[in-house]
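Enquirer: This is model-v2.csv (CSV, C-alpha atoms).
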chain,number,residue,atom,x,y,z
H,1,MET,CA,0.0,0.0,0.0
H,2,THR,CA,1.4,3.4,-1.0
H,3,ILE,CA,1.4,6.4,1.3
H,4,GLY,CA,-1.4,7.9,-0.8
H,5,GLU,CA,-3.5,4.8,-0.3
H,6,ARG,CA,-2.9,4.9,3.4
H,7,ILE,CA,-3.9,8.6,3.5
H,8,LYS,CA,-7.1,7.8,1.7
H,9,ALA,CA,-7.9,4.9,4.0
H,10,LEU,CA,-7.2,7.0,7.1
H,11,ARG,CA,-9.1,10.0,5.7
H,12,LYS,CA,-12.2,7.9,5.1
H,13,LYS,CA,-11.8,6.1,8.5
H,14,ASN,CA,-11.9,9.6,10.1
H,15,ASP,CA,-14.9,10.6,8.0
H,16,LEU,CA,-13.1,13.4,6.2
H,17,THR,CA,-13.6,14.6,2.6
H,18,GLN,CA,-10.6,15.5,0.5
H,19,GLU,CA,-11.7,19.1,0.7
H,20,LYS,CA,-11.9,19.0,4.6
H,21,LEU,CA,-8.5,17.3,4.8
H,22,ALA,CA,-7.0,19.9,2.5
H,23,ASP,CA,-8.4,22.7,4.7
H,24,TYR,CA,-6.9,21.2,7.8
H,25,LEU,CA,-3.5,21.0,6.1
H,26,CYS,CA,-3.7,24.3,4.3
H,27,VAL,CA,-3.2,22.7,0.9
H,28,SER,CA,-5.5,22.4,-2.2
H,29,TYR,CA,-7.9,19.5,-2.4
H,30,GLN,CA,-6.2,18.8,-5.8
H,31,ALA,CA,-3.0,18.1,-3.9
H,32,VAL,CA,-4.8,15.6,-1.7
H,33,SER,CA,-6.3,13.9,-4.8
H,34,LYS,CA,-2.9,13.6,-6.4
H,35,TRP,CA,-1.5,11.9,-3.2
H,36,GLU,CA,-4.4,9.4,-3.2
H,37,CYS,CA,-4.0,8.7,-6.9
H,38,GLY,CA,-0.3,8.1,-6.6
H,39,ILE,CA,0.6,11.1,-8.8
H,40,SER,CA,2.6,12.8,-6.1
H,41,ASN,CA,3.5,12.5,-2.4
H,42,PRO,CA,2.9,14.9,0.5
H,43,ASP,CA,5.7,17.2,1.6
H,44,LEU,CA,7.8,15.9,4.5
H,45,SER,CA,6.6,18.9,6.5
H,46,LEU,CA,3.1,17.5,6.4
H,47,ILE,CA,3.9,14.1,7.9
H,48,GLY,CA,3.7,15.5,11.5
H,49,PRO,CA,0.3,17.2,11.0
H,50,LEU,CA,-1.0,14.1,9.2
H,51,THR,CA,-0.1,11.8,12.1
H,52,LYS,CA,-1.7,14.1,14.6
H,53,LEU,CA,-4.8,14.5,12.4
H,54,PHE,CA,-5.2,10.7,11.9
H,55,HIS,CA,-4.0,9.7,15.4
H,56,VAL,CA,-1.3,7.4,14.0
H,57,SER,CA,2.4,7.1,14.3
H,58,ALA,CA,4.7,8.3,11.5
H,59,ASP,CA,5.9,4.7,11.0
H,60,GLU,CA,2.3,3.6,10.5
H,61,LEU,CA,1.5,6.4,8.1
H,62,LEU,CA,4.7,5.7,6.1
H,63,GLY,CA,4.1,1.9,6.1
H,64,LEU,CA,7.2,1.1,8.1
H,65,ILE,CA,5.3,-1.2,10.4
H,66,PRO,CA,4.8,-4.7,9.0
H,67,GLU,CA,1.1,-5.3,8.3
H,68,LYS,CA,-0.5,-7.9,10.5
H,69,VAL,CA,-2.2,-10.9,8.8
H,70,ASP,CA,-5.9,-10.1,8.7
H,71,GLU,CA,-7.5,-13.5,8.9
H,72,ARG,CA,-11.0,-12.1,8.6
H,73,LYS,CA,-10.1,-10.2,5.4
H,74,ALA,CA,-8.4,-13.3,4.0
H,75,TYR,CA,-11.7,-15.2,4.6
H,76,PHE,CA,-13.7,-12.5,2.8
H,77,ASP,CA,-11.2,-12.3,-0.1
H,78,ALA,CA,-11.5,-16.1,-0.6
H,79,GLU,CA,-15.3,-15.8,-0.7
H,80,TYR,CA,-15.2,-12.8,-3.0
H,81,HIS,CA,-13.0,-14.6,-5.5
H,82,GLN,CA,-15.5,-17.5,-5.7
H,83,TYR,CA,-18.8,-15.6,-5.5
H,84,TRP,CA,-19.5,-15.7,-9.3
H,85,LYS,CA,-19.4,-19.5,-9.1
H,86,LYS,CA,-22.0,-19.8,-6.4
H,87,ASP,CA,-25.7,-20.8,-6.9
H,88,ASP,CA,-27.0,-19.7,-3.4
H,89,HIS,CA,-26.9,-15.9,-3.9
H,90,GLU,CA,-29.0,-15.2,-0.8
H,91,ALA,CA,-26.4,-16.9,1.4
H,92,ASP,CA,-23.6,-15.1,-0.5
H,93,LEU,CA,-25.5,-11.8,-0.1
H,94,GLU,CA,-25.2,-12.1,3.7
H,95,ILE,CA,-21.5,-12.7,3.5
H,96,ALA,CA,-21.0,-9.7,1.2
H,97,ARG,CA,-23.0,-7.5,3.6
H,98,LYS,CA,-20.7,-8.5,6.5
H,99,ALA,CA,-17.6,-7.9,4.3
H,100,VAL,CA,-18.8,-4.4,3.4
H,101,ALA,CA,-19.8,-3.6,7.0
H,102,GLU,CA,-16.3,-4.7,8.3
H,103,TYR,CA,-14.3,-3.2,5.4
H,104,PRO,CA,-16.4,-0.3,4.0
H,105,MET,CA,-13.6,1.0,1.9
H,106,ASP,CA,-13.0,-2.1,-0.2
H,107,TYR,CA,-14.8,-1.4,-3.4
H,108,ARG,CA,-14.4,-5.0,-4.6
H,109,TYR,CA,-16.7,-6.0,-1.6
H,110,LEU,CA,-19.1,-3.2,-2.5
H,111,LYS,CA,-19.3,-4.5,-6.1
H,112,TRP,CA,-19.8,-8.0,-4.7
H,113,LEU,CA,-22.7,-6.7,-2.5
H,114,ALA,CA,-24.3,-4.8,-5.3
H,115,THR,CA,-24.1,-7.8,-7.7
H,116,ASN,CA,-25.7,-10.2,-5.2
H,117,GLU,CA,-28.4,-7.6,-4.4
H,118,TRP,CA,-29.2,-7.7,-8.1
H,119,TYR,CA,-29.1,-11.5,-8.4
H,120,VAL,CA,-31.4,-12.0,-5.4
H,121,GLY,CA,-33.7,-9.0,-6.2
H,122,TYR,CA,-34.2,-10.1,-9.8
H,123,SER,CA,-34.8,-13.7,-9.0
H,124,THR,CA,-38.2,-15.3,-9.6
H,125,LYS,CA,-38.6,-15.8,-5.8
H,126,TYR,CA,-39.0,-12.0,-5.3
H,127,CYS,CA,-40.5,-11.0,-8.6
H,128,GLY,CA,-43.1,-8.2,-8.1
H,129,THR,CA,-42.5,-8.0,-4.3
H,130,GLN,CA,-41.3,-5.1,-2.1
H,131,THR,CA,-38.1,-7.1,-1.5
H,132,GLU,CA,-37.3,-6.9,-5.2
H,133,LYS,CA,-37.8,-3.1,-5.3
H,134,GLU,CA,-35.6,-2.6,-2.2
H,135,LEU,CA,-32.8,-4.9,-3.4
H,136,LEU,CA,-32.6,-3.4,-6.9
H,137,ALA,CA,-32.6,0.1,-5.5
H,138,SER,CA,-29.9,-0.8,-3.0
H,139,SER,CA,-27.9,-2.5,-5.8
H,140,ILE,CA,-28.1,0.7,-7.9
H,141,ARG,CA,-27.1,2.9,-4.9
H,142,HIS,CA,-24.0,0.8,-4.2
H,143,TYR,CA,-22.9,0.7,-7.8
H,144,GLU,CA,-23.3,4.5,-7.9
H,145,MET,CA,-21.1,4.8,-4.8
H,146,ILE,CA,-18.4,2.9,-6.6
H,147,LEU,CA,-18.5,5.3,-9.6
H,148,GLU,CA,-18.4,8.3,-7.2
H,149,ASP,CA,-15.4,7.2,-5.2
H,150,CYS,CA,-13.5,4.3,-6.7
H,151,THR,CA,-10.4,5.0,-8.8
H,152,ASP,CA,-10.0,1.4,-10.1
H,153,ARG,CA,-11.2,1.6,-13.7
H,154,GLU,CA,-11.9,-2.1,-13.9
H,155,ILE,CA,-14.1,-2.1,-10.9
H,156,CYS,CA,-15.8,1.1,-12.2
H,157,ASN,CA,-16.5,-0.5,-15.5
H,158,GLN,CA,-18.0,-3.6,-13.8
H,159,ALA,CA,-20.2,-1.2,-11.8
H,160,ILE,CA,-21.3,0.5,-15.1
H,161,SER,CA,-22.3,-2.9,-16.4
H,162,GLY,CA,-24.1,-3.7,-13.2
H,163,LEU,CA,-26.0,-0.4,-13.4
H,164,VAL,CA,-27.1,-1.2,-17.0
H,165,HIS,CA,-28.5,-4.6,-15.9
H,166,ALA,CA,-30.1,-3.2,-12.7
H,167,HIS,CA,-31.9,-0.3,-14.5
H,168,LYS,CA,-32.9,-2.7,-17.3
H,169,SER,CA,-34.4,-5.0,-14.6
H,170,LYS,CA,-36.5,-2.1,-13.4
H,171,GLY,CA,-37.7,-1.2,-16.9
H,172,GLN,CA,-35.7,2.1,-16.8
H,173,LEU,CA,-34.3,1.8,-20.3
H,174,ASP,CA,-33.2,5.5,-20.6
H,175,GLU,CA,-31.2,5.2,-17.4
H,176,ALA,CA,-29.7,1.9,-18.6
H,177,LYS,CA,-28.7,3.4,-21.9
H,178,LYS,CA,-27.1,6.4,-20.2
H,179,TYR,CA,-24.7,4.1,-18.3
H,180,ALA,CA,-24.2,1.8,-21.3
H,181,LEU,CA,-22.8,4.8,-23.2
H,182,MET,CA,-20.4,5.4,-20.3
H,183,TYR,CA,-18.8,2.0,-20.9
H,184,PRO,CA,-15.4,2.2,-22.6
H,185,ASP,CA,-15.5,1.7,-26.4
H,186,LYS,CA,-12.3,-0.2,-27.0
H,187,PRO,CA,-11.4,-3.4,-28.9
H,188,GLU,CA,-11.2,-5.4,-25.7
H,189,THR,CA,-14.7,-4.4,-24.6
H,190,ASN,CA,-18.1,-4.3,-26.2
H,191,ARG,CA,-20.3,-1.4,-25.4
H,192,ASP,CA,-22.8,-2.6,-28.0
H,193,ASP,CA,-23.6,-5.7,-25.9
H,194,LEU,CA,-24.8,-3.4,-23.1
H,195,LEU,CA,-26.6,-1.1,-25.4
H,196,MET,CA,-28.6,-3.9,-26.9
H,197,LEU,CA,-30.1,-4.5,-23.4
H,198,CYS,CA,-31.4,-0.9,-23.4
H,199,VAL,CA,-32.9,-0.3,-26.8
H,200,GLU,CA,-35.8,-1.6,-28.8
H,201,GLY,CA,-37.2,-1.5,-32.3
H,202,LYS,CA,-35.1,-0.1,-35.1
H,203,GLU,CA,-32.3,0.9,-32.8
H,204,LYS,CA,-31.9,-2.7,-31.6
H,205,GLU,CA,-32.2,-4.1,-35.1
H,206,PHE,CA,-29.3,-1.7,-36.1
H,207,LEU,CA,-27.1,-2.9,-33.2
H,208,LEU,CA,-27.8,-6.6,-34.1
H,209,LYS,CA,-26.8,-6.1,-37.7
H,210,LYS,CA,-23.8,-4.2,-36.6
H,211,ALA,CA,-22.8,-7.1,-34.4
H,212,VAL,CA,-23.2,-9.5,-37.3
H,213,ARG,CA,-21.1,-7.3,-39.6
H,214,ASP,CA,-18.4,-6.7,-37.0
H,215,GLY,CA,-18.4,-10.4,-36.1
H,216,LEU,CA,-17.8,-11.4,-39.7
H,217,ASN,CA,-15.0,-8.8,-39.9
H,218,ASN,CA,-13.4,-10.1,-36.6
H,219,LEU,CA,-13.7,-13.7,-37.9
H,220,CYS,CA,-11.7,-12.8,-41.0
H,221,ILE,CA,-9.1,-11.0,-38.9
H,222,SER,CA,-8.7,-14.0,-36.6
H,223,LEU,CA,-8.2,-16.3,-39.7
H,224,GLU,CA,-5.6,-13.8,-41.0
H,225,TYR,CA,-3.7,-14.0,-37.7
H,226,LEU,CA,-3.9,-17.8,-37.8
H,227,TRP,CA,-2.5,-17.7,-41.3
H,228,MET,CA,0.5,-15.8,-40.1
H,229,PHE,CA,1.3,-18.4,-37.4
H,230,LEU,CA,1.3,-21.4,-39.8
H,231,PRO,CA,4.7,-22.6,-41.0
H,232,GLU,CA,3.5,-22.4,-44.7
H,233,PRO,CA,0.6,-20.9,-46.6
H,234,CYS,CA,-2.7,-22.8,-46.2
H,235,GLU,CA,-5.2,-22.2,-49.0
H,236,GLU,CA,-7.9,-23.8,-46.9
H,237,ILE,CA,-7.9,-20.8,-44.5
H,238,LEU,CA,-8.4,-18.5,-47.5
H,239,ASP,CA,-11.3,-20.6,-48.7
H,240,ALA,CA,-12.7,-20.6,-45.1
H,241,LYS,CA,-12.7,-16.7,-45.2
H,242,ILE,CA,-14.4,-16.7,-48.6
H,243,ALA,CA,-17.0,-19.2,-47.4
H,244,ALA,CA,-17.7,-17.2,-44.2
H,245,ILE,CA,-18.2,-14.0,-46.2
H,246,ASN,CA,-20.5,-15.6,-48.7
H,247,ALA,CA,-22.5,-17.3,-45.9
H,248,VAL,CA,-23.5,-13.9,-44.6
H,249,ILE,CA,-23.4,-11.8,-47.8
H,250,THR,CA,-25.4,-13.9,-50.1
H,251,ASP,CA,-26.2,-11.4,-52.8
H,252,GLY,CA,-22.7,-10.4,-53.9
H,253,ASN,CA,-23.0,-6.8,-52.5
H,254,TYR,CA,-19.8,-7.2,-50.4
H,255,GLN,CA,-19.2,-3.5,-49.7
H,256,HIS,CA,-16.2,-3.3,-47.2
H,257,PHE,CA,-15.6,-7.0,-47.7
H,258,HIS,CA,-14.4,-6.4,-51.3
H,259,ILE,CA,-11.1,-5.4,-49.6
H,260,LYS,CA,-10.9,-8.8,-47.8
H,261,LEU,CA,-11.8,-10.7,-51.0
H,262,SER,CA,-9.3,-8.8,-53.1
H,263,LEU,CA,-6.5,-9.5,-50.6
H,264,ILE,CA,-7.6,-13.2,-50.4
H,265,TYR,CA,-7.4,-13.7,-54.2
H,266,MET,CA,-4.1,-12.0,-54.4
H,267,GLU,CA,-2.8,-14.5,-51.8
H,268,LYS,CA,-4.4,-17.4,-53.7
H,269,ALA,CA,-2.5,-16.1,-56.8
H,270,ARG,CA,0.8,-16.2,-54.9
H,271,ILE,CA,0.2,-19.8,-53.8
H,272,ALA,CA,-0.7,-20.8,-57.4
H,273,LEU,CA,2.5,-19.2,-58.7
H,274,ARG,CA,4.6,-21.1,-56.2
H,275,GLN,CA,3.2,-24.2,-57.7
H,276,ASN,CA,3.7,-23.0,-61.3
H,277,GLU,CA,0.0,-22.9,-61.9
H,278,TYR,CA,0.1,-19.7,-64.0
H,279,GLU,CA,-3.4,-19.9,-65.4
H,280,LYS,CA,-4.9,-20.3,-61.9
H,281,ALA,CA,-2.8,-17.5,-60.7
H,282,ALA,CA,-4.0,-15.2,-63.5
H,283,ASP,CA,-7.6,-16.0,-62.8
H,284,ALA,CA,-7.1,-15.2,-59.1
H,285,ILE,CA,-5.5,-11.9,-59.9
H,286,ILE,CA,-8.4,-10.9,-62.2
H,287,THR,CA,-10.9,-11.8,-59.5
H,288,ALA,CA,-8.8,-9.7,-57.0
H,289,TYR,CA,-8.7,-6.8,-59.5
H,290,ASN,CA,-12.5,-6.9,-60.1
H,291,HIS,CA,-13.2,-6.8,-56.3
H,292,ALA,CA,-10.7,-3.8,-56.1
H,293,THR,CA,-12.4,-2.0,-58.9
H,294,ILE,CA,-15.9,-2.4,-57.4
H,295,PHE,CA,-14.6,-1.3,-54.0
H,296,ASP,CA,-12.9,1.8,-55.3
H,297,GLU,CA,-16.1,2.9,-57.1
H,298,MET,CA,-18.1,2.4,-53.9
H,299,ASP,CA,-15.4,4.0,-51.7
H,300,ARG,CA,-15.7,7.3,-53.6
H,301,LYS,CA,-19.2,7.6,-52.1
H,302,ALA,CA,-17.8,6.9,-48.6
H,303,ILE,CA,-21.1,5.1,-47.7
H,304,GLU,CA,-21.2,1.4,-47.0
H,305,THR,CA,-24.8,0.0,-47.4
H,306,TYR,CA,-25.7,-3.7,-47.4
H,307,SER,CA,-28.6,-5.4,-49.2
H,308,CYS,CA,-28.3,-9.1,-48.3
H,309,PRO,CA,-31.2,-10.4,-46.0
H,310,VAL,CA,-29.1,-10.6,-42.9
H,311,LEU,CA,-27.7,-7.1,-43.1
H,312,ARG,CA,-30.3,-5.4,-45.3
H,313,GLY,CA,-30.2,-1.6,-44.7
H,314,TYR,CA,-27.2,-1.6,-42.5
H,315,THR,CA,-25.1,1.5,-43.4
H,316,VAL,CA,-21.7,2.8,-42.3
H,317,ASP,CA,-20.5,6.3,-43.1
H,318,HIS,CA,-16.7,6.3,-43.8
H,319,THR,CA,-16.6,10.0,-44.7
H,320,ASN,CA,-14.3,10.9,-41.8
H,321,ASP,CA,-11.9,8.0,-42.2
H,322,ARG,CA,-11.7,7.6,-45.9
H,323,ARG,CA,-8.2,7.9,-47.5
H,324,THR,CA,-8.5,10.0,-50.6
H,325,ASP,CA,-4.9,9.3,-51.7
H,326,TRP,CA,-5.3,5.5,-51.7
H,327,THR,CA,-7.1,3.0,-54.0
H,328,LEU,CA,-7.4,-0.8,-53.8
H,329,VAL,CA,-6.7,-1.1,-57.5
H,330,GLY,CA,-3.5,0.8,-56.9
H,331,ASP,CA,-2.5,-1.8,-54.3
H,332,VAL,CA,-3.1,-4.6,-56.8
H,333,LYS,CA,-1.0,-2.9,-59.4
H,334,ARG,CA,1.8,-2.2,-57.0
H,335,CYS,CA,1.9,-5.9,-56.1
H,336,LEU,CA,2.1,-6.9,-59.7
H,337,THR,CA,4.9,-4.5,-60.5
H,338,GLU,CA,7.0,-4.7,-57.4
H,339,GLU,CA,6.7,-8.3,-56.2
H,340,GLN,CA,9.0,-10.7,-58.0
H,341,ILE,CA,6.7,-13.6,-57.6
H,342,PHE,CA,4.3,-12.0,-60.2
H,343,PHE,CA,7.0,-11.4,-62.8
H,344,PRO,CA,6.4,-14.7,-64.7
H,345,ILE,CA,2.8,-13.7,-65.7
H,346,ARG,CA,3.2,-10.0,-66.2
H,347,THR,CA,3.2,-10.6,-70.0
H,348,CYS,CA,-0.1,-12.3,-69.9
H,349,LYS,CA,-2.8,-10.4,-71.9
H,350,ASP,CA,-5.2,-10.0,-68.9
H,351,ILE,CA,-2.4,-8.8,-66.6
H,352,ILE,CA,-1.1,-6.3,-69.1
H,353,THR,CA,-4.7,-5.0,-69.4
H,354,ILE,CA,-4.8,-4.6,-65.6
H,355,LEU,CA,-1.5,-2.8,-65.5
H,356,GLN,CA,-2.4,-0.4,-68.3
H,357,SER,CA,-5.9,0.4,-66.9
Can you give me the file's structure in the form of structure tokens?

Expert:
Amino acid sequence: MTIGERIKALRKKNDLTQEKLADYLCVSYQAVSKWECGISNPDLSLIGPLTKLFHVSADELLGLIPEKVDERKAYFDAEYHQYWKKDDHEADLEIARKAVAEYPMDYRYLKWLATNEWYVGYSTKYCGTQTEKELLASSIRHYEMILEDCTDREICNQAISGLVHAHKSKGQLDEAKKYALMYPDKPETNRDDLLMLCVEGKEKEFLLKKAVRDGLNNLCISLEYLWMFLPEPCEEILDAKIAAINAVITDGNYQHFHIKLSLIYMEKARIALRQNEYEKAADAIITAYNHATIFDEMDRKAIETYSCPVLRGYTVDHTNDRRTDWTLVGDVKRCLTEEQIFFPIRTCKDIITILQS
């Protein structure tokens, strides 16, 4: 535990706000906040006043006294790390209540309590009862406390997710959506999964189609990564990507996936050339070029709109991220002119036509 964490713990133990502590020490509350977040440490001249204010020794404040093994906390920690595996949420709720009562500043325990309050309150046993209302309200209050005071982003994000589910359980879709939009929108997270709990009608339909389109894109990317780890090129992976794309986009209106298909067929051409299958390679290059041509024409509009049954009407606007100095056809031509593997077929009539286009 850092000195900032000890100051925070002692401040809360003494029921002091950051502002009140700052007033006592004649410093700014921003200074106190920086101590507690580990950005900076208090000046040595403040150690004496801090020990007097918190009624502790300097050794204790500075962490020079070995911490005693807290068997009670070890018990709660063990229960906390297993709570998501348990079926008896009512029994676990009582343990969580005791943990929060004995260690009110441990936000893991507060999240544990809020989660169990939701589990029990939303169960069929209490459906429509006063107990359900009280437990869901308490769950929301405890999750909000975490967002107000906790500095651990992971716990805060879990609290946001909990608030979405709790408000959804109460039929408060606008509140649920408000918190879903607070969830981080990063590759390792999925805000849309939470948003889908909060919306209905056309908005939900849009998110479901987005999930399908993004899922197809992510599957193609995963297969590309798998391709890179294999000791030698595997045409079956390329065929799997083509099959996946065609399984979703059944009408040939590939939109963004024209890029994927152009790259796939260029790779199929390379494999064919390594096996001296020149005609097969030329056919693959022509297919890659055709996909590139269609994509470049579509890309000038910067709007991606699907028409296949699964994605019909789903639209993405690329106006802000479109590269005006790049074309997919240009990439195909660059490969043909710069990569030595393509040299044996550059004199083919169809390849010459592509290069001269």

Enquirer: What lies within 10 Å of stretch 61-63 of chain H using only C-alpha atoms, ignoring chain neighbours under 6 positions off, as an MDAnalysis selection string?

Expert: chainID H and resid 1:7 10 47:48 50:51 54:55

Enquirer: H:Met196, H:Cys308, H:Ile285, H:Val332: which is nearest H:Asp350, counting only C-alpha atoms?

Expert: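 Checking each candidate against H:Asp350, we get H:Ile285 as the closest.
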
Enquirer: Just want the 7 Å neighbourhood of H:Ala96, counted on all atoms listed in the file, with same-chain residues fewer than 6 positions away dropped. Output as an MDAnalysis selection string.

Expert: chainID H and resid 109 112:113

Enquirer: Between H:Asp192, H:Glu154, H:Glu36, H:Glu102, which residue has the minimum interatomic distance to H:Leu21, considering only C-alpha atoms?

Expert: H:Glu36

Enquirer: Which residues come within 9 Å of stretch 227-240 of chain H, counting all atoms listed in the file, excluding same-chain residues fewer than 4 positions away, as a ChimeraX atom specification?

Expert: /H:220,222-223,244-245,264-265,267-268,271

Enquirer: So that I can see what lies close to H:Met145, please list as an MDAnalysis selection string the residues with an atom at most 9 Å from it, counting only C-alpha atoms and leaving out residues fewer than 5 positions away in the same chain.

Expert: chainID H and resid 107 110 140 150

Enquirer: Can you spit out the residues from that selection as a PDB file, keeping the file's coordinate frame, using C-alpha atoms?

Expert:
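Here's the written file out37.pdb:
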ATOM      1  CA  TYR H 107     -14.800  -1.400  -3.400  1.00  0.00           C
ATOM      2  CA  LEU H 110     -19.100  -3.200  -2.500  1.00  0.00           C
ATOM      3  CA  ILE H 140     -28.100   0.700  -7.900  1.00  0.00           C
ATOM      4  CA  CYS H 150     -13.500   4.300  -6.700  1.00  0.00           C
TER       5      CYS H 150
END

Enquirer: Record the distance separating atom CA of H:Arg274 and atom CA of H:Glu339, expressed in Å with one decimal.

Expert: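 Calculated distance between atom CA of H:Arg274 and atom CA of H:Glu339 is 13.0 Å.
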
Enquirer: Taking into account only C-alpha atoms, which residue in the set H:Ala302, H:Val32, H:Ala22, H:Leu197 is nearest to H:Thr319?

Expert: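 Checking each of H:Ala302, H:Val32, H:Ala22, H:Leu197 against H:Thr319, counting only C-alpha atoms, the winner is H:Ala302.
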
Enquirer: What is the distance between atom CA of H:Met182 and atom CA of H:Arg322, in Å to one decimal?

Expert: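 Going from atom CA of H:Met182 over to atom CA of H:Arg322 covers 27.1 Å.
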
Enquirer: Can you tell me how far atom CA of H:Gln158 sits from atom CA of H:Ile221, in Å to one decimal?

Expert: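 Going from atom CA of H:Gln158 over to atom CA of H:Ile221, I get 27.6 Å.
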
Enquirer: Which protein, DNA or RNA residues are at most 12 Å from (-15.3, -0.8, -15.9) in the file's coordinates when you count only C-alpha atoms, listed as a PyMOL selection string?

Expert: chain H and resi 111+143+146-147+150-164+179-186+188-191

Enquirer: Which residue out of H:Arg97, H:Asp174, H:Arg346, H:Tyr254 has the minimum interatomic distance to H:Val199 when all atoms listed in the file are used?

Expert: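 Residue with the minimum atom-to-atom distance to H:Val199: H:Asp174.
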
Enquirer: Using all atoms listed in the file, determine which residues lie at most 12 Å from H:Val212, disregarding the query and same-chain residues fewer than 2 positions distant; provide the list as a list in words.

Expert: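 What passes the distance filter is Asp192, Glu205, Phe206, Leu207, Leu208, Lys209, Lys210, Asp214, Gly215, Leu216, Asn217, Asn218, Leu219, Ala244, Ile245, Ala247, Val248, Ile249, Tyr306, Pro309, Val310, Leu311, Arg312 and Tyr314 of chain H.
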
Enquirer: Can you work out which one of H:Ala292, H:Ala284, H:Ile341, H:Cys127 has the shortest atom-to-atom distance to H:Trp326, counting only C-alpha atoms?

Expert: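 Looking at the shortest contact to H:Trp326, the residue is H:Ala292.
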
Enquirer: Of the candidates H:Glu19, H:Asp193, H:Glu132, H:Asp251, which shows the shortest atom-to-atom distance to H:Ser169, using all atoms listed in the file?

Expert: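 Checking each candidate against H:Ser169, we get H:Glu132 as the closest.
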